[in-house]
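Here the structure is laid out as structure tokens; the discussion comes afterwards.
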Amino acid sequence: MQTSNETISHWQVLNPFWYAEQFKGWTRLSYALLTIGLIIITYTSFGMGNPINSMTFATFFAAIFGWTTVLGLKEAKPMNGLFGLLSAAIYIYVAWLHKNPADAVLQLTYVVLLDIPVLVMPSWVKNTDQHVRFIHETDIRGEKHGKVFWYSVVALVAIIAFAAAYWFETQVLHTPRPISDSLVLGTGLVGAVLTTFRFSESWFAWLLQGIMQITLWGLTVAAGGAFGASALVILVTYLMYFANDILALAQSSWFHHKAITAQLAQSHVK
């Protein structure tokens with residue numbers, strides 16, 4: 001994690017060696033999860049007897065980058081940015097092919113809210129652990145916007161996202177899974193907003209969104225189709241995301257920061 005006097009340049013967030021540095025200091029559990037996840041993704045992509053083609057490699061790399069990104073975020077490391085952008089770009093294409101447009105929109109939202117800020121505003125990732133807090137701690141820290149404001153924002157985002165996606169899928173696109181797909185967008189967008197503003201509640205949103213993603217892609221796999229193998233890889237990846245989100249509740253700095261909040265409240269530093 002960067003110290004307060006370190007700066008992060010645009011060159012760094014595009015530099016592979018800088019990303020290599022972000023792998024340092026992880027917990028042993030996270031290193032183990034990274035290794036296990038890479039093995040599972042590789043086997044699901046190439047070891048199950050499915051045809052190997054360009055889509056196979058696309059979903060493989062999307063899953064690899066995505067899995068690395070979520071583990072990095074759990075460790076409060078800025079792995080989103082280039083990794084997240086590459087992963088989301090492929091997921092958007094695959095989700096659209098499988099007629100899950102709301103999930104494709106969600107991936108685009110991740111690019112806008114979680115990846116581009118890192119690439120164009122590198123200071124966004126500086127001292128991440130100092131800024132992570134629960135919504136109710138905004139009042140304790142003396143922030144401009146308190147818990148009432150943020151709870152209202154969260155509810156509004158969820159309702160508008162779900163309603164807009166459901167209407168578009170049922171009235172315009174006539175997709176096969178409008179409810180589950182729209183629920184993915186609603187919960188995922190809440191998680192993206194909370195993560196962008198570095199709220200610990202984002203992980204609860206990710207847990208709920210994980211359930212929605214597993215449901216959506218489980219139904220997609222069950223429906224079969226020409227790209228069934230890629231859908232299976234994505235389903236397995238989302239199952240791993242969900243397991244990681246559960247573990248994050250116990251050991252991530254996104255949840256264990258009372259001492260930092262107390263220090264900031266005492267010194268009136270936001």
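By order of appearance in the structure tokens: chains A, B, ..., then residues from 1 within every chain, and ligands from 1 in the order shown.
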Exercise for the section: May I have the residues within 9 Å of range 146-159 of chain A as a count of residues only, using only C-alpha atoms and disregarding those fewer than 2 positions away in the same chain? Expected result: 22
Exercise for the section: Pull the alpha helix (DSSP H) assignments for range 31-175 of chain A out of DSSP run on the backbone, and list those residues as a ChimeraX atom specification. Expected result: /A:31-46,54-74,82-97,101-110,116-120,128-131,137-140,147-168
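Computed from the coordinates, the CA of Leu239 in chain A to CA of Arg133 in chain A distance equals 26.4 Å.
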Handout entry: All residues 8 Å or closer to range 38-43 of chain A, only C-alpha atoms, same chain fewer than 6 positions away omitted, as an NGL selection string
Key = :A and (60 or 63-64 or 233 or 236-237)
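Taking only C-alpha atoms into account, Ser54 in chain A lies nearest to A:Val94 out of the set A:Val94, A:Ala104, A:Leu73, A:Ala205.
For the atom pair formed by CA of Asn244 in chain A and CA of Phe204 in chain A, the distance is 12.0 Å, given to one decimal.
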Handout entry: Using only C-alpha atoms: which of A:Gly72, A:Gly66, A:Trp203, A:Ala223 has the shortest distance to Glu21 in chain A
Key = A:Gly72
Handout entry: Non-local contacts of Leu71 in chain A (9 Å; only C-alpha atoms; under 5 positions in same chain excluded) as a VMD selection string
Key = chain A and resid 30 to 31 33 to 34 66 76 to 77 79 241 244
Restricting it to N, CA and C atoms, dump the selection as a tab-separated table (two decimals), in the first residue's frame.
```
chain	number	residue	atom	x	y	z
A	30	SER	N	-4.96	-15.41	0.48
A	30	SER	CA	-5.20	-14.81	-0.84
A	30	SER	C	-4.27	-15.39	-1.90
A	31	TYR	N	-3.01	-15.62	-1.52
A	31	TYR	CA	-2.08	-16.27	-2.46
A	31	TYR	C	-2.58	-17.67	-2.82
A	33	LEU	N	-5.72	-18.72	-2.70
A	33	LEU	CA	-6.92	-18.58	-3.53
A	33	LEU	C	-6.56	-18.23	-4.96
A	34	LEU	N	-5.55	-17.37	-5.13
A	34	LEU	CA	-5.13	-17.01	-6.48
A	34	LEU	C	-4.66	-18.24	-7.24
A	66	GLY	N	-10.19	-11.09	-14.14
A	66	GLY	CA	-11.25	-10.78	-13.19
A	66	GLY	C	-10.97	-11.34	-11.82
A	76	ALA	N	-7.11	-4.56	-0.63
A	76	ALA	CA	-6.98	-3.10	-0.75
A	76	ALA	C	-5.82	-2.72	-1.65
A	77	LYS	N	-5.57	-3.53	-2.68
A	77	LYS	CA	-4.56	-3.24	-3.69
A	77	LYS	C	-5.27	-2.81	-4.97
A	79	MET	N	-5.75	-3.35	-8.07
A	79	MET	CA	-5.61	-4.23	-9.22
A	79	MET	C	-6.60	-3.87	-10.33
A	241	TYR	N	-15.81	-15.96	-7.19
A	241	TYR	CA	-15.99	-14.60	-6.68
A	241	TYR	C	-16.82	-14.62	-5.40
A	244	ASN	N	-14.87	-15.88	-2.48
A	244	ASN	CA	-13.92	-14.85	-2.05
A	244	ASN	C	-14.60	-13.75	-1.27
```
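For the residues A:Tyr91, A:Trp26, A:Trp206, A:Trp67, ranking by smallest atom-to-atom distance to Gln251 in chain A using only C-alpha atoms places A:Trp26 first.
Minimum distance to Val132 in chain A across A:Thr175, A:Phe65, A:Phe197, A:Ser182 (counting only C-alpha atoms) occurs at A:Phe197.
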Handout entry: Residue neighbourhood Phe227 in chain A, 12 Å, only C-alpha atoms, exclusion window fewer than 6 positions, as number ranges by chain
Key = A: 50-56, 58-59, 93-99, 220-221, 233-234
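If you count only C-alpha atoms and ignore residues fewer than 5 places along the chain from Leu173 in chain A, what sits within 12 Å of it is Trp96, Lys99, Asn100, Pro101, Ala102, Ala165, Tyr166, Trp167, Phe168 and Pro178 of chain A.
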Completion exercise
Among A:Ile179, A:Leu29, A:Leu106, A:Leu232, Ala250 in chain A is approached most closely, using only C-alpha atoms, by A:Leu29
Problem - Ile92 in chain A environment, 8 Å, only C-alpha atoms, sequence neighbours closer than 5 positions dropped, as number ranges by chain - result: A: 103-105, 107-108
Selected residues, N, CA and C atoms, written as a PDB file, in the first residue's frame, please.
```pdb
ATOM      1  N   ASP A 103     -26.188  -7.632 -17.812  1.00  0.00           N
ATOM      2  CA  ASP A 103     -24.871  -7.988 -17.288  1.00  0.00           C
ATOM      3  C   ASP A 103     -23.776  -7.312 -18.102  1.00  0.00           C
ATOM      4  N   ALA A 104     -23.987  -7.188 -19.409  1.00  0.00           N
ATOM      5  CA  ALA A 104     -23.027  -6.481 -20.253  1.00  0.00           C
ATOM      6  C   ALA A 104     -22.946  -5.006 -19.850  1.00  0.00           C
ATOM      7  N   VAL A 105     -24.104  -4.401 -19.589  1.00  0.00           N
ATOM      8  CA  VAL A 105     -24.140  -3.004 -19.137  1.00  0.00           C
ATOM      9  C   VAL A 105     -23.434  -2.861 -17.795  1.00  0.00           C
ATOM     10  N   GLN A 107     -20.947  -4.666 -16.659  1.00  0.00           N
ATOM     11  CA  GLN A 107     -19.501  -4.710 -16.888  1.00  0.00           C
ATOM     12  C   GLN A 107     -18.991  -3.373 -17.419  1.00  0.00           C
ATOM     13  N   LEU A 108     -19.785  -2.721 -18.273  1.00  0.00           N
ATOM     14  CA  LEU A 108     -19.409  -1.401 -18.770  1.00  0.00           C
ATOM     15  C   LEU A 108     -19.388  -0.396 -17.625  1.00  0.00           C
TER      16      LEU A 108
END
```
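Here CA of Arg198 in chain A is placed at a distance of 13.2 Å from CA of Glu75 in chain A.
Each of A:Gln22, A:Gln209, A:Thr27, A:Thr35 was compared to Ser180 in chain A using only C-alpha atoms, and A:Gln209 turns out to be the nearest.
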